[in-house]
$ cat my_file27.txt   # compact mmCIF, C-alpha atoms
# COMPACT_ATOMS: atom_id res chain seq x y z
CA MET A 8 -5.40 -7.33 -58.22
CA ASN A 9 -2.01 -7.25 -59.91
CA CYS A 10 0.86 -4.89 -59.26
CA PRO A 11 0.88 -2.16 -61.91
CA ALA A 12 4.69 -2.13 -61.88
CA CYS A 13 5.61 -5.81 -62.28
CA ASP A 14 2.15 -7.28 -63.08
CA LEU A 15 2.42 -9.93 -60.34
CA PRO A 16 -0.57 -10.70 -58.07
CA LEU A 17 -0.73 -8.60 -54.89
CA PRO A 18 -1.53 -10.46 -51.63
CA PRO A 19 -4.78 -9.23 -50.03
CA ALA A 20 -3.21 -7.72 -46.88
CA ALA A 21 0.10 -6.61 -48.41
CA ARG A 22 1.17 -3.00 -48.09
CA HIS A 23 3.76 -3.33 -50.86
CA CYS A 24 4.36 -5.65 -53.76
CA PRO A 25 6.51 -8.57 -52.54
CA ALA A 26 8.44 -8.55 -55.82
CA CYS A 27 9.20 -4.90 -56.58
CA GLY A 28 8.10 -3.05 -53.47
CA PHE A 29 5.44 -0.96 -55.18
CA PRO A 30 2.90 0.41 -52.62
CA ALA A 31 -0.37 -1.48 -52.73
CA ALA A 32 -2.26 1.76 -52.03
CA LEU A 33 -1.18 3.03 -55.46
CA ALA A 34 -2.24 -0.09 -57.30
CA GLY A 35 -5.26 1.70 -58.75
CA PHE A 36 -3.17 4.30 -60.59
CA GLU A 37 -2.67 3.88 -64.32
CA LEU A 38 1.01 3.58 -65.21
CA PRO A 39 2.67 3.73 -68.60
CA ALA A 40 2.37 0.32 -70.20
CA ARG A 41 5.48 -1.77 -70.65
CA ALA A 42 6.54 -2.74 -74.12
CA ALA A 43 4.68 -5.99 -74.66
CA GLU A 44 6.32 -8.96 -76.22
CA PRO A 45 5.00 -9.87 -79.70
CA GLU A 46 2.25 -12.39 -79.66
CA ALA A 47 3.18 -15.88 -80.76
CA VAL A 48 1.89 -16.79 -84.25
CA PRO A 49 0.79 -20.40 -84.74
CA ALA A 50 2.93 -22.35 -87.19
CA ASP A 51 -0.11 -23.69 -89.07
CA GLY A 52 -1.34 -20.17 -89.82
CA GLY A 53 -4.42 -20.63 -87.68
CA SER A 54 -6.22 -18.07 -85.59
CA THR A 55 -4.25 -16.15 -82.93
CA ALA A 56 -7.26 -15.06 -80.84
CA ALA A 57 -6.56 -17.59 -78.13
CA ALA A 58 -2.84 -16.82 -77.88
CA THR A 59 -1.70 -15.48 -74.46
CA PRO A 60 0.95 -12.70 -74.30
CA THR A 61 4.07 -13.64 -72.35
CA ARG A 62 5.39 -11.33 -69.58
CA ARG A 63 9.01 -10.29 -69.71
CA PRO A 64 10.86 -11.55 -66.60
CA PRO A 65 12.57 -8.87 -64.42
CA ASN A 66 16.19 -8.22 -65.21
CA ARG A 67 19.04 -8.08 -62.71
CA ASP A 68 18.67 -4.36 -61.95
CA GLU A 69 14.96 -4.70 -61.25
CA GLU A 70 15.60 -7.63 -58.91
CA ALA A 71 18.24 -5.57 -57.07
CA ASN A 72 15.75 -2.70 -56.66
CA ALA A 73 13.09 -5.08 -55.32
CA SER A 74 15.54 -6.54 -52.82
CA LEU A 75 16.59 -3.07 -51.69
CA ALA A 76 12.96 -2.03 -51.29
CA ARG A 77 12.31 -5.02 -49.02
CA ALA A 78 15.43 -4.15 -46.99
CA LEU A 79 14.17 -0.60 -46.57
CA GLU A 80 10.88 -1.97 -45.25
CA ASP A 81 12.79 -3.90 -42.59
CA ARG A 82 14.85 -0.83 -41.70
CA MET A 83 11.67 1.20 -41.31
CA ASN A 84 10.29 -1.39 -38.88
CA VAL A 85 13.53 -1.16 -36.86
CA LEU A 86 13.28 2.62 -36.79
CA ARG A 87 9.69 2.45 -35.60
CA MET A 88 10.82 0.20 -32.72
CA LEU A 89 13.17 3.02 -31.69
CA GLY A 90 10.42 5.59 -31.92
CA GLY A 91 11.65 7.20 -35.18
CA GLY A 92 9.66 8.41 -38.15
CA GLY A 93 10.61 7.36 -41.68
CA ALA A 94 7.64 8.83 -43.56
CA ASP A 95 10.01 10.30 -46.18
CA VAL A 96 11.31 6.78 -46.92
CA THR A 97 7.77 5.60 -47.69
CA GLY A 98 7.47 8.41 -50.17
CA ALA A 99 10.80 7.41 -51.69
CA LEU A 100 9.56 3.85 -52.14
CA CYS A 101 6.53 5.12 -54.00
CA GLU A 102 8.64 7.39 -56.20
CA ALA A 103 11.06 4.57 -56.99
CA ALA A 104 8.21 2.22 -57.91
CA LEU A 105 6.74 4.80 -60.28
CA SER A 106 10.12 5.42 -61.88
CA GLU A 107 10.73 1.72 -62.40
CA ALA A 108 7.24 1.27 -63.84
CA SER A 109 8.09 3.97 -66.36
CA GLY A 110 11.19 2.06 -67.38
CA GLN A 111 13.67 4.29 -65.45
CA VAL A 112 15.29 1.45 -63.49
CA ALA A 113 18.56 3.29 -62.82
CA ASN A 114 16.72 6.34 -61.47
CA ALA A 115 14.67 4.08 -59.18
CA ALA A 116 17.88 2.52 -57.82
CA GLN A 117 19.31 5.97 -57.12
CA ILE A 118 16.14 6.98 -55.23
CA LEU A 119 16.27 3.81 -53.12
CA ARG A 120 19.98 4.24 -52.29
CA SER A 121 19.40 7.83 -51.19
CA ALA A 122 16.50 6.72 -48.99
CA GLU A 123 18.67 3.97 -47.50
CA HIS A 124 21.35 6.51 -46.61
CA ARG A 125 18.84 8.80 -44.86
CA LEU A 126 17.25 5.90 -43.02
CA ASP A 127 20.59 4.58 -41.78
CA GLY A 128 21.60 8.02 -40.55
CA GLU A 129 18.40 8.48 -38.56
CA THR A 130 18.63 4.97 -37.12
CA GLN A 131 22.24 5.39 -36.01
CA SER A 132 21.49 8.78 -34.44
CA ILE A 133 18.56 7.47 -32.37
CA LEU A 134 20.46 4.32 -31.44
CA HIS A 135 23.45 6.34 -30.26
CA HIS A 136 21.20 8.56 -28.13
CA ARG A 137 19.44 5.58 -26.54
CA VAL A 138 22.72 3.81 -25.77
CA GLY A 139 24.02 6.99 -24.10
CA ALA A 140 20.88 7.16 -21.96
CA VAL A 141 21.42 3.52 -20.89
CA GLU A 142 25.01 4.27 -19.91
CA GLU A 143 23.88 7.25 -17.82
CA ARG A 144 21.30 5.10 -16.00
CA VAL A 145 23.97 2.49 -15.27
CA ARG A 146 26.28 5.16 -13.80
CA THR A 147 23.46 6.46 -11.61
CA LEU A 148 22.79 3.01 -10.18
CA GLU A 149 26.47 2.35 -9.54
CA ASN A 150 26.89 5.72 -7.81
CA THR A 151 24.13 4.77 -5.35
CA GLY A 152 25.80 1.47 -4.42
CA LEU A 153 24.63 -1.17 -6.91
CA ARG A 154 27.35 -2.92 -8.89
CA LEU A 155 26.20 -3.96 -12.37
CA GLY A 156 27.96 -6.30 -14.73
CA VAL A 157 26.88 -4.63 -17.96
CA SER A 158 30.15 -3.14 -19.20
CA SER A 159 30.71 -5.90 -21.73
CA GLU A 160 27.04 -5.78 -22.72
CA LEU A 161 27.22 -2.05 -23.40
CA SER A 162 30.36 -2.44 -25.50
CA ARG A 163 28.65 -5.23 -27.42
CA LEU A 164 25.63 -3.03 -27.90
CA THR A 165 27.76 -0.17 -29.23
CA SER A 166 29.67 -2.38 -31.64
CA THR A 167 26.49 -4.04 -32.84
CA GLY A 168 24.90 -0.67 -33.44
CA ARG A 169 27.68 0.18 -35.89
CA ALA A 170 27.18 -3.08 -37.79
CA ALA A 171 25.64 -3.20 -41.23
CA ASP A 172 22.32 -4.51 -39.87
CA PRO A 173 21.22 -2.49 -36.81
CA GLY A 174 18.18 -4.70 -36.25
CA GLU A 175 20.10 -6.96 -33.86
CA ALA A 176 21.37 -3.94 -31.91
CA VAL A 177 17.87 -2.53 -31.52
CA VAL A 178 16.44 -5.82 -30.24
CA TYR A 179 19.31 -6.16 -27.77
CA LEU A 180 18.93 -2.52 -26.70
CA LEU A 181 15.28 -3.05 -25.87
CA GLU A 182 16.17 -6.11 -23.76
CA VAL A 183 18.84 -4.15 -21.84
CA GLU A 184 16.45 -1.25 -21.22
CA LYS A 185 13.75 -3.59 -19.90
CA HIS A 186 16.21 -5.35 -17.56
CA LEU A 187 17.60 -2.02 -16.39
CA GLY A 188 14.10 -0.75 -15.61
CA GLU A 189 13.43 -3.81 -13.43
CA LEU A 190 16.71 -3.25 -11.57
CA GLU A 191 15.92 0.41 -10.98
CA SER A 192 12.49 -0.44 -9.55
CA THR A 193 13.89 -3.16 -7.27
CA TRP A 194 16.79 -1.01 -6.09
CA SER A 195 14.55 1.96 -5.33
CA GLY A 196 12.19 -0.23 -3.30
CA LEU A 197 15.10 -1.78 -1.42
CA GLN A 198 16.46 1.63 -0.46
CA GLY A 199 13.07 2.59 0.97
CA ILE A 200 12.88 -0.61 3.04
CA LEU A 201 16.43 -0.19 4.34
CA ASP A 202 15.72 3.37 5.44
CA GLN A 203 12.60 2.19 7.29
CA VAL A 204 14.59 -0.56 9.01
CA ALA A 205 17.25 1.92 10.12
CA ALA A 206 14.64 4.37 11.45
CA LEU A 207 12.69 1.71 13.36
CA LYS A 208 15.89 0.19 14.77
CA ALA A 209 17.03 3.60 16.05
CA GLU A 210 13.63 4.31 17.64
CA ALA A 211 13.50 0.86 19.29
CA ASP A 212 16.97 1.36 20.75
CA ARG A 213 16.08 4.84 21.99
CA LEU A 214 12.84 3.63 23.60
CA GLY A 215 14.50 0.56 25.11
CA ILE A 216 12.26 -1.91 23.25
CA ALA A 217 13.78 -5.35 22.77
CA TYR A 218 13.50 -7.06 19.38
CA GLU A 219 14.66 -10.31 17.86
CA GLU A 220 17.96 -10.66 16.05
CA LEU A 221 18.04 -8.99 12.65
CA PRO A 222 19.46 -10.71 9.54
CA PRO A 223 23.29 -10.53 9.53
CA ARG A 224 23.41 -8.25 6.49
CA LEU A 225 21.37 -5.58 8.31
CA GLU A 226 23.35 -5.55 11.57
CA GLY A 227 25.22 -2.27 11.92
CA ALA A 228 23.64 -0.71 8.83
CA ALA A 229 22.27 2.78 9.37
CA GLY A 230 20.34 2.89 6.10
CA ALA A 231 20.72 2.37 2.38
CA ALA A 232 23.82 4.59 2.28
CA ASP A 233 25.79 2.04 4.34
CA LEU A 234 25.19 -0.80 1.87
CA LEU A 235 27.56 -0.02 -0.99
CA ASN A 236 29.01 -2.09 -3.78
CA ILE A 237 26.10 -4.55 -3.83
CA PRO A 238 26.42 -7.09 -6.68
CA GLU A 239 23.44 -7.36 -8.95
CA GLU A 240 23.28 -11.11 -8.30
CA SER A 241 22.66 -10.65 -4.55
CA LEU A 242 19.96 -7.99 -4.93
CA ASP A 243 17.00 -10.34 -4.53
CA GLU A 244 18.53 -11.95 -1.43
CA LEU A 245 19.10 -8.54 0.14
CA VAL A 246 15.50 -7.53 -0.57
CA GLN A 247 14.26 -10.62 1.29
CA SER A 248 16.57 -9.91 4.25
CA ALA A 249 15.42 -6.30 4.45
CA ALA A 250 11.76 -7.33 4.39
CA GLN A 251 12.41 -9.89 7.13
CA GLY A 252 14.15 -7.28 9.31
CA LEU A 253 11.27 -4.84 8.81
CA MET A 254 8.79 -7.49 9.97
CA VAL A 255 10.90 -8.25 13.06
CA LEU A 256 10.96 -4.60 14.10
CA HIS A 257 7.25 -4.14 13.44
CA ASP A 258 6.40 -7.19 15.55
CA ALA A 259 8.44 -5.79 18.44
CA LEU A 260 7.42 -2.14 18.26
CA LEU A 261 3.69 -2.39 17.66
CA PRO A 262 2.65 -4.18 20.90
CA ALA A 263 5.17 -2.21 22.98
CA LEU A 264 3.92 1.14 21.67
CA GLU A 265 0.28 0.15 22.11
CA SER A 266 0.89 -0.94 25.71
CA GLU A 267 2.78 2.20 26.71
CA LEU A 268 0.29 4.52 25.05
CA ALA A 269 -2.52 2.75 26.89
CA ARG A 270 -0.74 3.31 30.22
CA HIS A 271 -0.15 6.95 29.43
CA GLY A 272 -3.80 7.32 28.42
CA ALA A 273 -4.86 6.11 31.86
CA ALA A 274 -2.46 8.54 33.55
CA LEU A 275 -3.67 11.48 31.47
CA GLN A 276 -7.14 11.15 32.96
CA HIS A 277 -5.82 12.47 36.30
CA LEU A 278 -4.16 15.56 34.83
CA PRO A 279 -6.04 18.86 35.26
CA THR A 280 -7.96 20.25 32.32
CA GLY A 281 -7.39 23.70 30.91
CA ASN A 282 -3.72 23.56 31.84
CA ALA A 283 -1.27 24.34 29.01
CA PRO A 284 1.30 21.60 29.84
CA SER A 285 -1.44 19.02 30.32
CA GLU A 286 -3.09 19.90 27.03
CA ALA A 287 0.27 19.69 25.24
CA VAL A 288 0.77 16.20 26.66
CA ARG A 289 -2.68 15.16 25.50
CA ARG A 290 -1.95 16.41 21.98
CA LEU A 291 1.30 14.41 21.84
CA HIS A 292 -0.52 11.31 23.07
CA GLU A 293 -3.23 11.71 20.44
CA ALA A 294 -0.66 12.28 17.68
CA SER A 295 1.23 9.14 18.63
CA ARG A 296 -1.97 7.09 18.65
CA ARG A 297 -2.97 8.50 15.26
CA HIS A 298 0.41 7.64 13.73
CA LEU A 299 0.19 4.12 15.10
CA LYS A 300 -3.33 3.65 13.77
CA GLU A 301 -2.22 4.79 10.30
CA GLY A 302 0.71 2.35 10.32
CA ARG A 303 3.43 5.00 10.64
CA VAL A 304 5.33 3.22 13.37
CA SER A 305 8.44 5.41 13.18
CA ASP A 306 6.42 8.62 13.56
CA ALA A 307 4.50 7.06 16.45
CA ALA A 308 7.76 6.18 18.20
CA LYS A 309 9.10 9.73 17.75
CA SER A 310 5.90 11.18 19.19
CA LEU A 311 6.16 8.77 22.11
CA VAL A 312 9.67 10.06 22.89
CA ASP A 313 8.31 13.62 22.99
CA LEU A 314 5.41 12.41 25.14
CA ARG A 315 7.81 10.89 27.67
CA ARG A 316 9.74 14.15 27.91
CA ALA A 317 6.58 16.19 28.40
CA LEU A 318 5.33 13.86 31.13
CA ALA A 319 8.71 13.95 32.87
CA ALA A 320 8.64 17.75 32.80
CA ILE A 321 5.19 17.80 34.43
CA GLU A 322 6.23 15.31 37.10
CA SER A 323 9.38 17.30 37.91
CA ARG A 324 7.42 20.45 38.73
CA PRO A 325 6.77 21.04 42.46
CA ALA A 326 3.22 20.24 43.40
CA VAL A 327 1.14 23.10 44.74
CA PRO A 328 -0.20 22.03 48.21
CA VAL A 329 -3.92 21.99 48.38
CA HIS A 330 -5.47 21.76 51.92
CA ARG A 331 -8.61 19.78 51.52
CA GLY A 332 -11.30 20.31 54.15
CA ALA A 333 -9.61 23.40 55.69
CA PRO A 334 -11.67 26.57 55.67
CA SER A 335 -10.45 29.18 53.32
CA ALA A 336 -9.50 32.62 54.54
CA PRO A 337 -12.43 35.03 54.51
CA ALA A 338 -12.31 37.80 51.99
CA PRO A 339 -11.84 41.31 53.42
CA ALA A 340 -15.14 42.96 54.28
CA PRO A 341 -16.04 45.96 52.22
CA LEU A 342 -15.97 49.41 53.89
CA ARG A 343 -19.30 50.49 55.23
CA SER A 344 -20.52 53.86 56.42
CA THR A 345 -21.18 52.55 59.89
CA PRO A 346 -18.27 51.27 62.00
CA SER A 347 -18.24 47.64 62.81
CA VAL A 348 -17.82 46.40 66.38
CA ALA A 349 -14.90 44.06 66.88
CA THR A 350 -15.51 41.15 69.19
CA LEU A 351 -12.54 40.58 71.51
CA PRO A 352 -11.78 37.21 72.98
CA ALA A 353 -12.69 36.76 76.65
CA ARG A 354 -9.90 37.11 79.21
CA THR A 355 -9.01 34.13 81.23
CA ASP A 356 -7.73 33.83 84.77
CA PRO A 357 -3.90 33.82 84.74
CA SER A 358 -3.81 31.33 87.60
CA SER A 359 -5.91 28.80 85.79
CA PRO A 360 -4.14 26.43 83.41
CA THR A 361 -4.31 27.19 79.76
CA PRO A 362 -6.49 24.62 78.06
CA THR A 363 -4.91 22.73 75.22
CA PRO A 364 -6.99 23.13 72.05
CA ALA A 365 -8.32 19.88 70.69
CA PRO A 366 -6.94 18.96 67.29
CA VAL A 367 -9.27 19.67 64.47
CA PRO A 368 -9.69 16.49 62.44
CA ARG A 369 -9.00 16.94 58.76
CA ALA A 370 -10.94 15.08 56.17
CA PRO A 371 -8.67 12.80 54.17
CA ALA A 372 -8.03 13.93 50.61
CA ALA A 373 -10.25 12.04 48.28
CA VAL A 374 -8.08 10.26 45.72
CA PRO A 375 -10.19 9.11 42.84
CA GLU A 376 -9.71 5.50 42.02
CA ALA A 377 -8.22 4.99 38.59
CA PRO A 378 -10.75 3.48 36.27
CA GLU A 379 -9.91 0.38 34.36
CA PRO A 380 -9.06 1.55 30.86
CA PRO A 381 -10.47 -0.95 28.36
CA GLU A 382 -7.76 -0.13 25.80
CA LEU A 383 -4.97 -0.90 28.29
CA LEU A 384 -6.57 -4.23 29.19
CA ALA A 385 -7.01 -5.11 25.51
CA ALA A 386 -3.39 -4.17 24.76
CA LEU A 387 -2.10 -6.34 27.59
CA VAL A 388 -4.24 -9.26 26.44
CA ARG A 389 -2.82 -8.96 22.92
CA LYS A 390 0.67 -8.75 24.35
CA ALA A 391 0.10 -11.90 26.42
CA GLN A 392 -1.29 -13.75 23.40
CA GLY A 393 1.72 -12.83 21.28
CA LEU A 394 4.16 -13.94 23.97
CA ALA A 395 2.23 -17.18 24.47
CA ALA A 396 2.58 -17.91 20.76
CA ARG A 397 6.34 -17.37 21.01
CA VAL A 398 6.56 -19.61 24.09
CA ARG A 399 4.94 -22.46 22.15
CA THR A 400 7.85 -22.35 19.70
CA LEU A 401 10.38 -23.13 22.48
CA PRO A 402 11.53 -26.71 23.12
CA ALA A 403 8.95 -28.28 25.42
CA ASP A 404 11.55 -29.83 27.75
CA SER A 405 13.64 -26.69 28.20
CA GLU A 406 13.88 -24.79 31.47
CA LEU A 407 13.08 -21.55 29.65
CA ALA A 408 9.82 -22.99 28.29
CA ARG A 409 8.66 -24.11 31.74
CA TRP A 410 9.54 -20.77 33.31
CA ALA A 411 7.85 -18.84 30.49
CA ALA A 412 4.67 -20.93 30.83
CA GLU A 413 4.53 -20.10 34.55
CA GLU A 414 4.96 -16.41 33.77
CA ILE A 415 2.14 -16.54 31.21
CA ARG A 416 -0.15 -18.17 33.81
CA ALA A 417 0.80 -15.56 36.40
CA ALA A 418 0.11 -12.70 33.98
CA THR A 419 -3.23 -14.30 33.07
CA ASP A 420 -4.27 -14.41 36.73
CA GLN A 421 -3.21 -10.80 37.20
CA LEU A 422 -5.29 -9.74 34.20
CA ARG A 423 -8.33 -11.58 35.58
CA GLN A 424 -7.91 -9.70 38.87
CA ARG A 425 -7.44 -6.43 36.95
CA GLN A 426 -3.90 -5.98 38.32
CA LEU A 427 -2.84 -4.25 35.12
CA ASP A 428 0.45 -2.76 36.30
CA GLU A 429 1.64 -6.10 37.74
CA ALA A 430 0.57 -7.92 34.57
CA ASP A 431 2.43 -5.40 32.42
CA ARG A 432 5.61 -5.83 34.44
CA THR A 433 5.33 -9.62 34.25
CA LEU A 434 4.83 -9.59 30.47
CA THR A 435 7.62 -7.06 29.89
CA ASN A 436 10.03 -9.16 31.94
CA LEU A 437 9.04 -12.23 29.94
CA MET A 438 9.45 -10.39 26.63
CA ASN A 439 12.94 -9.18 27.56
CA ARG A 440 13.95 -12.66 28.71
CA LEU A 441 12.76 -14.25 25.46
CA ALA A 442 14.51 -11.58 23.38
CA SER A 443 17.83 -12.15 25.17
CA ALA A 444 17.60 -15.93 25.01
CA PRO A 445 19.72 -17.66 22.33
CA ARG A 446 17.75 -18.66 19.27
CA ALA A 447 17.28 -22.35 18.58
$ encode --input "my_file27.txt" --output "structure tokens"
Amino acid sequence: MNCPACDLPLPPAARHCPACGFPAALAGFELPARAAEPEAVPADGGSTAAATPTRRPPNRDEEANASLARALEDRMNVLRMLGGGGADVTGALCEAALSEASGQVANAAQILRSAEHRLDGETQSILHHRVGAVEERVRTLENTGLRLGVSSELSRLTSTGRAADPGEAVVYLLEVEKHLGELESTWSGLQGILDQVAALKAEADRLGIAYEELPPRLEGAAGAADLLNIPEESLDELVQSAAQGLMVLHDALLPALESELARHGAALQHLPTGNAPSEAVRRLHEASRRHLKEGRVSDAAKSLVDLRRALAAIESRPAVPVHRGAPSAPAPAPLRSTPSVATLPARTDPSSPTPTPAPVPRAPAAVPEAPEPPELLAALVRKAQGLAARVRTLPADSELARWAAEEIRAATDQLRQRQLDEADRTLTNLMNRLASAPRA
């Protein structure tokens, strides 16, 4: 199929004529015919049936209109990249093609120039709005502590947007927006990790749990708010340090919390049931265990602090003495219609010595033997395995390694004999010694 405006072949997948810009969708319309050139007459006076009419080549104005139509196509693609419309420009292209096909070349040029002006105005407006949004995002990041080196890039983007061809500015704008989105995601994740590190560090210090040395950048930081003026170039390194510090605190807190909660669980079995303080302690213990099971270590540590306070309050209360084996006082007898006869003790001879009453033996109070809690034993075994793994990393010929190996063996023997309290003290002493030892 040929273009009805310039009579050149239309490519199969073309939306517009590559020569004049006429829409391919309108190629089926009938347009006013151009003035055809006179057919060539053979010099010998022969037949002219086989003569082919020659097509008039486009003049300079028509070539200028075709070039402008192709430029408008490129501008429309740029506007679509920015999310703009441009449907009115497509209509203008069709109108200009029809005008030029009718021989009104000057009118077609005027239509194309007007469409170019509208398209440039819409492009510049959207570009200006998008650049302003980028600048606002940069200010937000810098106000939260991240220092970005994009001032020169933004000025370049603004100056390029005012250039004659905004296509370069749009491509560069999309690159800046993509890079800025990656920075925002990384920075937001880093702030969350830093806040977790600060919370776990505070809980470990409050509970007295020893942990290994944190990366130097995290020492003394109380959260993301304390890390200000961070260069963009060091962001990835800081993310790795924060993740390393979070792992260090998790490795220290998890076994310590599990061990202490197991000990408290064994002690709670001896508290009376139906008592308000005892039930409150049990609820705190269950909440702390639930937080730990769900991976919320900070919440588990906070619940453990409350659990310690509640247990201390119960232990500080004076115990009510309970006389086991002693007969209880009889309840007063109800009044009856007939008088009761009181039995008086027999009189003894004053000259005879008063017999000393024999002491009444009291049955010893039965103290129930504490059962062996399986969860406490399992927690201590895990704690011993973790410490044994850390001991294997020490230099084999060091005094600390030999002493730590002896402590591991002693704790293992205590666990075999079910001496859980002694094993816990041995392992805790070993853990504190390894935490305070200088790192190799």
$ residues_around --input "my_file27.txt" --residues "region 141-147 of chain A" --least-positions-apart "2" --cutoff "9 Å" --atoms "all atoms listed in the file" --output "PyMOL selection string"
chain A and resi 136-139+149-151+155+157+161+180+183-184+187+191
$ residues_around --input "my_file27.txt" --residues "Ala250 (chain A)" --least-positions-apart "3" --cutoff "12 Å" --atoms "only C-alpha atoms" --output "MDAnalysis selection string"
chainID A and resid 196:204 221:222 224:225 243:247 253:257
$ closest_residue --input "my_file27.txt" --among "A:Leu153, A:Ala76, A:Val312, A:Ile133" --to "Ser121 (chain A)" --atoms "only C-alpha atoms"
A:Ala76
$ atom_distance --input "my_file27.txt" --atom1 "CA of Ala417 (chain A)" --atom2 "CA of Ala259 (chain A)"
21.8 Å
$ closest_residue --input "my_file27.txt" --among "A:Leu126, A:Leu89, A:Ala269, A:Val304" --to "Ala206 (chain A)" --atoms "all atoms listed in the file"
A:Val304
$ residues_near_point --input "my_file27.txt" --point "(-1.2, 10.9, 36.3)" --cutoff "12 Å" --atoms "only C-alpha atoms" --output "list in words"
Arg270, His271, Gly272, Ala273, Ala274, Leu275, Gln276, His277, Leu278, Pro279, Ser285, Val288, Arg289, Leu318, Ala319, Ile321, Glu322, Val374, Pro375, Glu376 and Ala377 of chain A
$ atom_distance --input "my_file27.txt" --atom1 "CA of Met88 (chain A)" --atom2 "CA of Gly174 (chain A)"
9.5 Å
$ atom_distance --input "my_file27.txt" --atom1 "CA of Pro18 (chain A)" --atom2 "CA of Cys101 (chain A)"
17.7 Å
$ residues_near_point --input "my_file27.txt" --point "(16.5, -3.7, -33.4)" --cutoff "12 Å" --atoms "only C-alpha atoms" --output "compact mmCIF listing (two decimals) with C-alpha atoms, in the coordinates of the input"
# COMPACT_ATOMS: atom_id res chain seq x y z
CA ASP A 81 12.79 -3.90 -42.59
CA ARG A 82 14.85 -0.83 -41.70
CA MET A 83 11.67 1.20 -41.31
CA ASN A 84 10.29 -1.39 -38.88
CA VAL A 85 13.53 -1.16 -36.86
CA LEU A 86 13.28 2.62 -36.79
CA ARG A 87 9.69 2.45 -35.60
CA MET A 88 10.82 0.20 -32.72
CA LEU A 89 13.17 3.02 -31.69
CA GLY A 90 10.42 5.59 -31.92
CA THR A 130 18.63 4.97 -37.12
CA GLN A 131 22.24 5.39 -36.01
CA ILE A 133 18.56 7.47 -32.37
CA LEU A 134 20.46 4.32 -31.44
CA ARG A 137 19.44 5.58 -26.54
CA LEU A 164 25.63 -3.03 -27.90
CA THR A 167 26.49 -4.04 -32.84
CA GLY A 168 24.90 -0.67 -33.44
CA ALA A 170 27.18 -3.08 -37.79
CA ASP A 172 22.32 -4.51 -39.87
CA PRO A 173 21.22 -2.49 -36.81
CA GLY A 174 18.18 -4.70 -36.25
CA GLU A 175 20.10 -6.96 -33.86
CA ALA A 176 21.37 -3.94 -31.91
CA VAL A 177 17.87 -2.53 -31.52
CA VAL A 178 16.44 -5.82 -30.24
CA TYR A 179 19.31 -6.16 -27.77
CA LEU A 180 18.93 -2.52 -26.70
CA LEU A 181 15.28 -3.05 -25.87
CA GLU A 182 16.17 -6.11 -23.76
CA VAL A 183 18.84 -4.15 -21.84
$ closest_residue --input "my_file27.txt" --among "A:Ala442, A:Leu383, A:Ala21, A:Leu401" --to "Asp428 (chain A)" --atoms "only C-alpha atoms"
A:Leu383
